[in-house]
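Enquirer: Got input_27.txt for you, compact mmCIF, C-alpha atoms:
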# COMPACT_ATOMS: atom_id res chain seq x y z
CA ILE A 1 -39.33 -52.07 21.19
CA ASP A 2 -36.65 -54.64 20.47
CA THR A 3 -33.36 -52.92 21.30
CA ALA A 4 -31.46 -55.82 19.78
CA VAL A 5 -32.96 -54.92 16.40
CA ASP A 6 -33.15 -51.14 16.79
CA THR A 7 -29.84 -49.92 18.21
CA THR A 8 -30.19 -46.25 17.21
CA LYS A 9 -29.49 -43.49 19.72
CA THR A 10 -32.83 -41.90 18.80
CA THR A 11 -34.70 -44.96 20.02
CA ALA A 12 -32.54 -45.24 23.15
CA ASP A 13 -33.37 -41.61 23.99
CA PHE A 14 -37.06 -42.32 23.51
CA ILE A 15 -36.93 -45.28 25.90
CA ASP A 16 -35.16 -43.18 28.53
CA LYS A 17 -37.74 -40.40 28.26
CA ALA A 18 -40.65 -42.84 28.32
CA ARG A 19 -39.30 -44.47 31.49
CA ALA A 20 -38.77 -41.08 33.11
CA MET A 21 -42.31 -40.08 32.16
CA ASN A 22 -43.67 -43.28 33.65
CA ALA A 23 -41.88 -42.55 36.93
CA ARG A 24 -43.29 -38.99 37.02
CA LEU A 25 -46.80 -40.29 36.34
CA ARG A 26 -46.51 -42.74 39.21
CA SER A 27 -45.33 -39.99 41.56
CA ASP A 28 -47.82 -37.45 40.15
CA SER A 29 -44.98 -35.02 39.40
CA TRP A 30 -45.45 -34.67 35.63
CA THR A 31 -45.80 -31.40 33.73
CA TRP A 32 -47.51 -30.52 30.47
CA GLY A 33 -44.05 -30.21 28.97
CA ASP A 34 -43.54 -33.92 29.61
CA TRP A 35 -46.57 -34.69 27.44
CA VAL A 36 -45.29 -32.39 24.70
CA GLY A 37 -41.93 -34.15 24.75
CA LEU A 38 -43.46 -37.59 24.62
CA ALA A 39 -45.79 -36.62 21.76
CA ASN A 40 -42.90 -35.29 19.67
CA GLN A 41 -40.16 -37.74 20.63
CA LYS A 42 -38.98 -39.74 17.64
CA VAL A 43 -37.59 -43.27 17.33
CA GLY A 44 -35.64 -45.16 14.70
CA LYS A 45 -37.56 -46.30 11.62
CA LYS A 46 -37.59 -49.91 12.80
CA SER A 47 -39.56 -48.93 15.92
CA GLU A 48 -41.95 -46.32 14.55
CA ALA A 49 -44.91 -48.69 14.45
CA CYS A 50 -44.32 -49.64 18.10
CA VAL A 51 -44.67 -46.09 19.46
CA LEU A 52 -47.26 -44.61 17.11
CA VAL A 53 -50.16 -45.20 19.51
CA LEU A 54 -48.16 -43.78 22.44
CA ASN A 55 -47.24 -40.65 20.46
CA GLU A 56 -50.86 -40.13 19.45
CA TYR A 57 -52.09 -40.67 23.03
CA ALA A 58 -49.58 -38.19 24.41
CA ALA A 59 -50.65 -35.59 21.82
CA GLU A 60 -54.22 -35.77 23.17
CA PHE A 61 -53.13 -33.55 26.09
CA GLU A 62 -54.02 -30.53 23.92
CA LYS A 63 -57.71 -31.45 24.23
CA SER A 64 -57.59 -31.67 28.02
CA LYS A 65 -59.82 -29.24 29.94
CA GLU A 66 -57.21 -29.16 32.69
CA PHE A 67 -54.54 -28.13 30.16
CA HIS A 68 -56.62 -25.23 28.84
CA ALA A 69 -57.49 -24.13 32.39
CA ASP A 70 -53.80 -24.12 33.32
CA VAL A 71 -52.93 -22.11 30.21
CA ARG A 72 -55.57 -19.50 31.07
CA ASP A 73 -54.32 -19.27 34.64
CA TYR A 74 -50.74 -18.98 33.43
CA LEU A 75 -51.57 -16.16 31.01
CA ARG A 76 -53.57 -14.26 33.66
CA LEU A 77 -50.67 -14.58 36.08
CA LEU A 78 -48.13 -13.59 33.41
CA PHE A 79 -50.02 -10.43 32.47
CA SER A 80 -50.68 -9.46 36.08
CA ILE A 81 -46.96 -9.79 36.85
CA ALA A 82 -46.11 -7.75 33.73
CA ALA A 83 -48.57 -5.02 34.73
CA ALA A 84 -47.18 -4.90 38.27
CA ALA A 85 -43.62 -4.78 36.94
CA MET A 86 -44.44 -1.92 34.57
CA GLY A 87 -46.12 -0.02 37.39
CA ALA A 88 -43.11 -0.48 39.65
CA TYR A 89 -40.76 0.52 36.83
CA GLN A 90 -42.73 3.71 36.17
CA SER A 91 -42.73 4.55 39.89
CA ILE A 92 -38.94 4.18 40.06
CA LYS A 93 -38.47 6.43 37.02
CA THR A 94 -40.79 9.07 38.47
CA ARG A 95 -39.09 8.99 41.88
CA MET A 96 -35.60 9.27 40.37
CA GLY A 97 -36.50 11.76 37.65
CA LEU A 98 -35.56 9.39 34.82
CA ILE A 99 -37.01 8.64 31.39
CA ASP A 100 -36.35 5.88 28.88
CA PHE A 101 -36.53 5.80 25.08
CA VAL A 102 -40.27 5.08 25.06
CA ASP A 103 -40.82 8.07 27.35
CA GLN A 104 -38.75 10.25 25.02
CA GLU A 105 -40.91 9.29 22.04
CA ARG A 106 -44.17 9.77 23.94
CA GLU A 107 -43.21 13.13 25.46
CA LEU A 108 -41.87 14.46 22.17
CA LEU A 109 -45.10 13.49 20.43
CA ARG A 110 -46.99 15.45 23.09
CA ALA A 111 -44.65 18.43 22.72
CA LEU A 112 -45.15 18.48 18.96
CA ASP A 113 -48.86 19.11 19.54
CA LEU A 114 -48.10 22.32 21.46
CA PRO A 115 -48.56 25.42 19.26
CA GLU A 116 -45.56 27.23 20.79
CA VAL A 117 -43.27 24.29 20.00
CA CYS A 118 -44.58 23.96 16.44
CA ASP A 119 -44.05 27.71 15.85
CA VAL A 120 -40.37 27.47 16.82
CA LEU A 121 -39.65 24.30 14.84
CA ARG A 122 -41.44 25.62 11.78
CA ASP A 123 -38.72 28.25 11.38
CA GLU A 124 -35.74 26.21 12.55
CA ILE A 125 -35.88 22.90 10.66
CA ASP A 126 -35.28 22.81 6.92
CA LEU A 127 -33.66 19.38 6.70
CA LEU A 128 -34.62 16.15 8.48
CA MET A 129 -32.47 13.03 8.03
CA VAL A 130 -33.56 9.56 9.19
CA ASP A 131 -31.31 6.50 9.10
CA GLU A 132 -32.39 2.83 9.21
CA PHE A 133 -35.86 3.88 8.10
CA GLN A 134 -36.84 0.26 7.35
CA ASP A 135 -36.99 -0.39 11.09
CA THR A 136 -39.29 2.52 11.92
CA ALA A 137 -42.05 1.84 14.43
CA ILE A 138 -45.38 3.64 14.24
CA ASN A 139 -44.48 6.11 17.02
CA GLN A 140 -41.20 6.96 15.29
CA TYR A 141 -42.99 7.37 11.97
CA GLU A 142 -45.44 9.69 13.69
CA LEU A 143 -42.53 11.79 14.93
CA VAL A 144 -41.30 12.17 11.36
CA ARG A 145 -44.80 13.03 10.21
CA ARG A 146 -45.27 15.72 12.86
CA LEU A 147 -41.81 17.21 12.39
CA THR A 148 -42.54 17.62 8.68
CA ARG A 149 -46.10 18.84 9.13
CA GLY A 150 -46.91 21.41 6.48
CA TRP A 151 -43.72 20.81 4.49
CA GLY A 152 -45.58 19.64 1.40
CA GLU A 153 -47.53 22.90 1.18
CA TYR A 154 -44.42 24.95 1.98
CA ASN A 155 -42.47 23.29 -0.85
CA GLU A 156 -45.26 24.05 -3.31
CA ARG A 157 -44.97 27.73 -2.40
CA ASN A 158 -41.15 27.70 -2.32
CA PRO A 159 -39.95 25.34 -5.09
CA GLY A 160 -36.57 27.09 -5.23
CA ALA A 161 -35.77 26.50 -1.55
CA PRO A 162 -37.72 23.41 -0.45
CA ARG A 163 -37.51 21.73 2.92
CA THR A 164 -35.90 18.32 2.57
CA LEU A 165 -36.61 14.92 4.09
CA LEU A 166 -33.75 12.48 3.56
CA VAL A 167 -34.31 8.88 4.63
CA VAL A 168 -31.93 5.95 4.27
CA GLY A 169 -33.04 2.35 4.55
CA ASP A 170 -33.03 -1.14 3.10
CA GLY A 171 -36.24 -3.12 3.36
CA MET A 172 -34.31 -6.38 3.07
CA GLN A 173 -32.56 -5.57 6.37
CA SER A 174 -35.70 -4.97 8.44
CA ILE A 175 -35.20 -7.12 11.56
CA TYR A 176 -36.92 -5.26 14.39
CA SER A 177 -40.54 -6.36 14.03
CA PHE A 178 -40.30 -7.66 17.61
CA ARG A 179 -39.90 -3.99 18.62
CA GLU A 180 -42.94 -2.93 16.58
CA ALA A 181 -40.93 -1.91 13.49
CA LYS A 182 -43.15 -1.87 10.39
CA VAL A 183 -41.26 -2.26 7.14
CA GLY A 184 -44.56 -1.47 5.40
CA LEU A 185 -44.15 2.15 6.55
CA PHE A 186 -40.84 2.28 4.69
CA LEU A 187 -42.39 0.77 1.55
CA GLU A 188 -45.37 3.14 1.70
CA ALA A 189 -43.19 6.24 2.21
CA ARG A 190 -40.99 5.24 -0.73
CA LYS A 191 -44.05 5.06 -2.98
CA GLN A 192 -46.28 7.83 -1.63
CA GLY A 193 -43.95 10.15 0.27
CA VAL A 194 -44.62 11.71 3.69
CA ASN A 195 -46.90 14.69 4.37
CA GLY A 196 -47.01 15.57 0.71
CA ILE A 197 -43.22 15.41 0.42
CA LYS A 198 -42.36 13.27 -2.58
CA LEU A 199 -39.35 11.01 -2.03
CA ASP A 200 -37.04 10.39 -4.96
CA ASP A 201 -36.04 6.72 -4.85
CA LEU A 202 -32.26 6.42 -5.31
CA PRO A 203 -31.30 2.71 -5.21
CA LEU A 204 -27.74 1.92 -4.15
CA SER A 205 -26.91 -1.44 -5.71
CA VAL A 206 -23.10 -1.52 -5.66
CA ASN A 207 -21.56 -3.71 -2.95
CA PHE A 208 -18.17 -2.39 -1.81
CA ARG A 209 -17.54 -5.01 0.89
CA SER A 210 -17.46 -8.41 -0.76
CA SER A 211 -15.82 -10.05 -3.75
CA LYS A 212 -17.77 -10.76 -6.93
CA MET A 213 -18.02 -14.46 -6.07
CA VAL A 214 -19.73 -13.75 -2.75
CA VAL A 215 -22.06 -11.13 -4.22
CA ASP A 216 -23.06 -13.41 -7.10
CA TRP A 217 -23.70 -16.29 -4.67
CA ASN A 218 -25.90 -14.04 -2.51
CA ASN A 219 -27.84 -12.89 -5.54
CA GLN A 220 -28.50 -16.46 -6.64
CA VAL A 221 -29.49 -17.82 -3.21
CA PHE A 222 -31.44 -14.95 -1.67
CA ASP A 223 -33.37 -14.09 -4.82
CA GLN A 224 -35.12 -17.42 -4.20
CA ALA A 225 -35.50 -16.88 -0.45
CA PHE A 226 -37.25 -13.50 -0.56
CA PRO A 227 -40.85 -12.91 -1.69
CA LYS A 228 -41.27 -12.28 -5.40
CA HIS A 229 -43.70 -9.40 -4.98
CA GLU A 230 -43.89 -6.43 -2.60
CA ASN A 231 -46.79 -6.39 -0.14
CA LEU A 232 -47.19 -3.44 2.24
CA SER A 233 -49.71 -5.03 4.61
CA ARG A 234 -47.68 -8.22 5.00
CA GLY A 235 -44.30 -6.46 5.00
CA ALA A 236 -43.13 -8.54 2.06
CA VAL A 237 -39.93 -7.19 0.50
CA PRO A 238 -38.50 -8.63 -2.76
CA TYR A 239 -34.79 -9.20 -3.10
CA GLU A 240 -32.81 -6.48 -4.89
CA THR A 241 -29.76 -7.66 -6.79
CA SER A 242 -26.34 -6.24 -5.90
CA VAL A 243 -23.38 -5.57 -8.15
CA ALA A 244 -19.85 -6.19 -6.87
CA PHE A 245 -17.35 -3.33 -6.94
CA ASN A 246 -14.47 -5.64 -5.96
CA GLN A 247 -13.27 -8.39 -8.27
CA ASP A 248 -12.39 -11.90 -7.13
CA THR A 249 -8.98 -12.73 -5.71
CA PRO A 250 -7.21 -16.13 -5.66
CA SER A 251 -8.54 -16.64 -2.12
CA SER A 252 -12.17 -15.78 -2.93
CA GLU A 253 -14.57 -18.59 -2.05
CA VAL A 254 -17.96 -19.34 -0.56
CA LYS A 255 -18.27 -22.00 2.12
CA VAL A 256 -21.54 -23.19 3.64
CA PHE A 257 -21.54 -25.01 6.98
CA GLY A 258 -24.58 -26.83 8.32
CA PHE A 259 -25.08 -27.82 11.96
CA THR A 260 -27.82 -30.10 13.27
CA GLY A 261 -28.70 -31.89 16.48
CA ASP A 262 -28.59 -30.89 20.14
CA GLN A 263 -25.06 -29.53 19.86
CA ALA A 264 -25.74 -27.41 16.75
CA ARG A 265 -25.33 -24.03 18.46
CA LEU A 266 -22.20 -25.10 20.25
CA LEU A 267 -20.69 -26.42 17.04
CA GLU A 268 -21.58 -23.22 15.23
CA ALA A 269 -19.95 -21.13 17.95
CA GLU A 270 -16.79 -23.23 17.85
CA LYS A 271 -16.60 -22.88 14.06
CA THR A 272 -17.11 -19.12 14.30
CA LEU A 273 -14.29 -18.76 16.83
CA ALA A 274 -11.94 -21.10 14.97
Would you put the structure from the file into C-alpha cells?

Expert:
Amino acid sequence: IDTAVDTTKTTADFIDKARAMNARLRSDSWTWGDWVGLANQKVGKKSEACVLVLNEYAAEFEKSKEFHADVRDYLRLLFSIAAAAMGAYQSIKTRMGLIDFVDQERELLRALDLPEVCDVLRDEIDLLMVDEFQDTAINQYELVRRLTRGWGEYNERNPGAPRTLLVVGDGMQSIYSFREAKVGLFLEARKQGVNGIKLDDLPLSVNFRSSKMVVDWNNQVFDQAFPKHENLSRGAVPYETSVAFNQDTPSSEVKVFGFTGDQARLLEAEKTLA
C-alpha cells in the first residue's frame, strides 16, 4: 500500500490493524475476532486491489477445524453456565419464598387446570380485558384461552348477556419477539376469535398526537417499509394508514438526521439531548 497515494483514514486504520495482527500472530496471542476484523476491514478505493488477497485469506478462518471446535466448546460452556445459573436462581427463590413473572404464569396455568378453581372463576368473570395484545407470548395467550374456556358455548346459550373478551393491540407495534411474543397470535385472534368468542375488529385510525405533516410523512415512508401482505406464520404485519386529528401549525416540520461511523451513537445521543 502506497500511503503517499492513498491518504484516507480508512486505509490508515487498516494498516494499523494489520500491523497489530502481525504482532499478535508472532506472539501467538491472536483471537478469532482478530481474523474476523481483518477479513472485514476496508481500505480506500486506491488500495483495494492490494489487500484483496489478504482479506480473502483472513476470511478462510471460517473453514478452520480449530475454529469450529472452539465454537462447539464455547456453546457447551455457555449452556452449562446458563443451566447452573438457572438452577442457582431457582434455589434462591425457593429458599426465600419468592416467585418471578415466569413463575406467576406457570403457576396460574397449573391452577387453571384445577376443577375447584375453574368452578369459582366460571361464576365470577364476565369480562376479561387484555392490553398490548400484539406482544402476547404463547403462555400468556394460553392464560387468556383458559380463562375464557367455555365462553363461546355460554354466549350461544345467553346471547342477551354474553361474556366479553376485550383486547387492545396494534400489530405494527409488536417489539417483544425477543421475549417470545408472537404477533401471529394477535393476527389469528383478530380473524378467528378465541375459544369460539368472535372478536369485532374496531380499527382506530385517528392520530391525536401529531400534526398532519408528521402523520402524512409517516404514512408515506412506513407504508413502503412494512410488508404488503399479512402473514401469520412469519408475523408479517402490513402498515395501516393514520389520519391526523390535529392540523399543521406554522412550526410543523419533519426533520431527518442520519448518523454514520464509529461515533454514530454518541452523535445521536448528543442530538437527542440538544

Enquirer: Measuring atom to atom with all atoms listed in the file, identify which of A:Ala225, A:Ile125, A:Ala39, A:Leu112 is nearest to Leu52 (chain A).

Expert: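 Of A:Ala225, A:Ile125, A:Ala39, A:Leu112, the one nearest Leu52 (chain A) is A:Ala39, counting all atoms listed in the file.
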
Enquirer: Sorted by chain and rising residue number, list the residues of region 83-178 of chain A at most 10 Å from region 226-243 of chain A (counting only C-alpha atoms), each with its closest atom pair and distance in Å to one decimal, as a Markdown table.

Expert:
| residue | atom | partner | partner_atom | distance |
| --- | --- | --- | --- | --- |
| A:Asp170 | CA | A:Val237 | CA | 9.5 |
| A:Gly171 | CA | A:Val237 | CA | 6.2 |
| A:Met172 | CA | A:Val237 | CA | 6.2 |
| A:Gln173 | CA | A:Val237 | CA | 9.6 |
| A:Ser174 | CA | A:Val237 | CA | 9.3 |
| A:Ser177 | CA | A:Gly235 | CA | 9.8 |

Enquirer: For CA of Asp216 (chain A) and CA of Leu204 (chain A), determine how far apart the two atoms are, in Å to one decimal place.

Expert: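 Atom-to-atom, CA of Asp216 (chain A) and CA of Leu204 (chain A) are spaced 16.3 Å apart.
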
Enquirer: Choose the residue, out of A:Leu54, A:Val36, A:Ala244, A:Ala69, that has the smallest atom-to-atom separation from Asn207 (chain A); count all atoms listed in the file.

Expert: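 Closest candidate: A:Ala244.
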
Enquirer: Can you work out the spacing between CA of Leu109 (chain A) and CA of Arg146 (chain A) in Å, to one decimal?

Expert: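 Value for the CA of Leu109 (chain A)-CA of Arg146 (chain A) distance: 7.9 Å.
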
Enquirer: For Gln134 (chain A), please output as a PDB file with C-alpha atoms, in the coordinates of the input all residues within 12 Å (counting only C-alpha atoms; exclusion window: fewer than 3 positions along the same chain).

Expert:
ATOM      1  CA  VAL A 130     -33.560   9.560   9.190  1.00  0.00           C
ATOM      2  CA  ASP A 131     -31.310   6.500   9.100  1.00  0.00           C
ATOM      3  CA  ALA A 137     -42.050   1.840  14.430  1.00  0.00           C
ATOM      4  CA  ILE A 138     -45.380   3.640  14.240  1.00  0.00           C
ATOM      5  CA  GLN A 140     -41.200   6.960  15.290  1.00  0.00           C
ATOM      6  CA  TYR A 141     -42.990   7.370  11.970  1.00  0.00           C
ATOM      7  CA  VAL A 167     -34.310   8.880   4.630  1.00  0.00           C
ATOM      8  CA  VAL A 168     -31.930   5.950   4.270  1.00  0.00           C
ATOM      9  CA  GLY A 169     -33.040   2.350   4.550  1.00  0.00           C
ATOM     10  CA  ASP A 170     -33.030  -1.140   3.100  1.00  0.00           C
ATOM     11  CA  GLY A 171     -36.240  -3.120   3.360  1.00  0.00           C
ATOM     12  CA  MET A 172     -34.310  -6.380   3.070  1.00  0.00           C
ATOM     13  CA  GLN A 173     -32.560  -5.570   6.370  1.00  0.00           C
ATOM     14  CA  SER A 174     -35.700  -4.970   8.440  1.00  0.00           C
ATOM     15  CA  ILE A 175     -35.200  -7.120  11.560  1.00  0.00           C
ATOM     16  CA  TYR A 176     -36.920  -5.260  14.390  1.00  0.00           C
ATOM     17  CA  SER A 177     -40.540  -6.360  14.030  1.00  0.00           C
ATOM     18  CA  GLU A 180     -42.940  -2.930  16.580  1.00  0.00           C
ATOM     19  CA  ALA A 181     -40.930  -1.910  13.490  1.00  0.00           C
ATOM     20  CA  LYS A 182     -43.150  -1.870  10.390  1.00  0.00           C
ATOM     21  CA  VAL A 183     -41.260  -2.260   7.140  1.00  0.00           C
ATOM     22  CA  GLY A 184     -44.560  -1.470   5.400  1.00  0.00           C
ATOM     23  CA  LEU A 185     -44.150   2.150   6.550  1.00  0.00           C
ATOM     24  CA  PHE A 186     -40.840   2.280   4.690  1.00  0.00           C
ATOM     25  CA  LEU A 187     -42.390   0.770   1.550  1.00  0.00           C
ATOM     26  CA  GLU A 188     -45.370   3.140   1.700  1.00  0.00           C
ATOM     27  CA  ALA A 189     -43.190   6.240   2.210  1.00  0.00           C
ATOM     28  CA  ARG A 190     -40.990   5.240  -0.730  1.00  0.00           C
ATOM     29  CA  GLY A 235     -44.300  -6.460   5.000  1.00  0.00           C
ATOM     30  CA  VAL A 237     -39.930  -7.190   0.500  1.00  0.00           C
TER      31      VAL A 237
END

Enquirer: Which of these, A:Asp2, A:Thr272, A:Thr164, A:Ser27, has the shortest distance to Val43 (chain A) once you count all atoms listed in the file?

Expert: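 Comparing A:Asp2, A:Thr272, A:Thr164, A:Ser27 against Val43 (chain A), the winner is A:Asp2.
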
Enquirer: Please indicate the distance in Å from CA of Asp201 (chain A) to CA of Gln247 (chain A), rounded to one decimal place.

Expert: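 Spanning CA of Asp201 (chain A) to CA of Gln247 (chain A) is a straight-line distance of 27.5 Å.
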
Enquirer: Given the choices A:Lys93, A:Arg163, A:Lys271, A:Arg106, which gets closest to Glu124 (chain A) if the distance is worked out from only C-alpha atoms?

Expert: A:Arg163

Enquirer: Which one of A:Phe178, A:Arg157, A:Val206, A:Tyr89 sits closest to Asp135 (chain A) if you count all atoms listed in the file?

Expert: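 Closest residue, counting all atoms listed in the file: A:Phe178.
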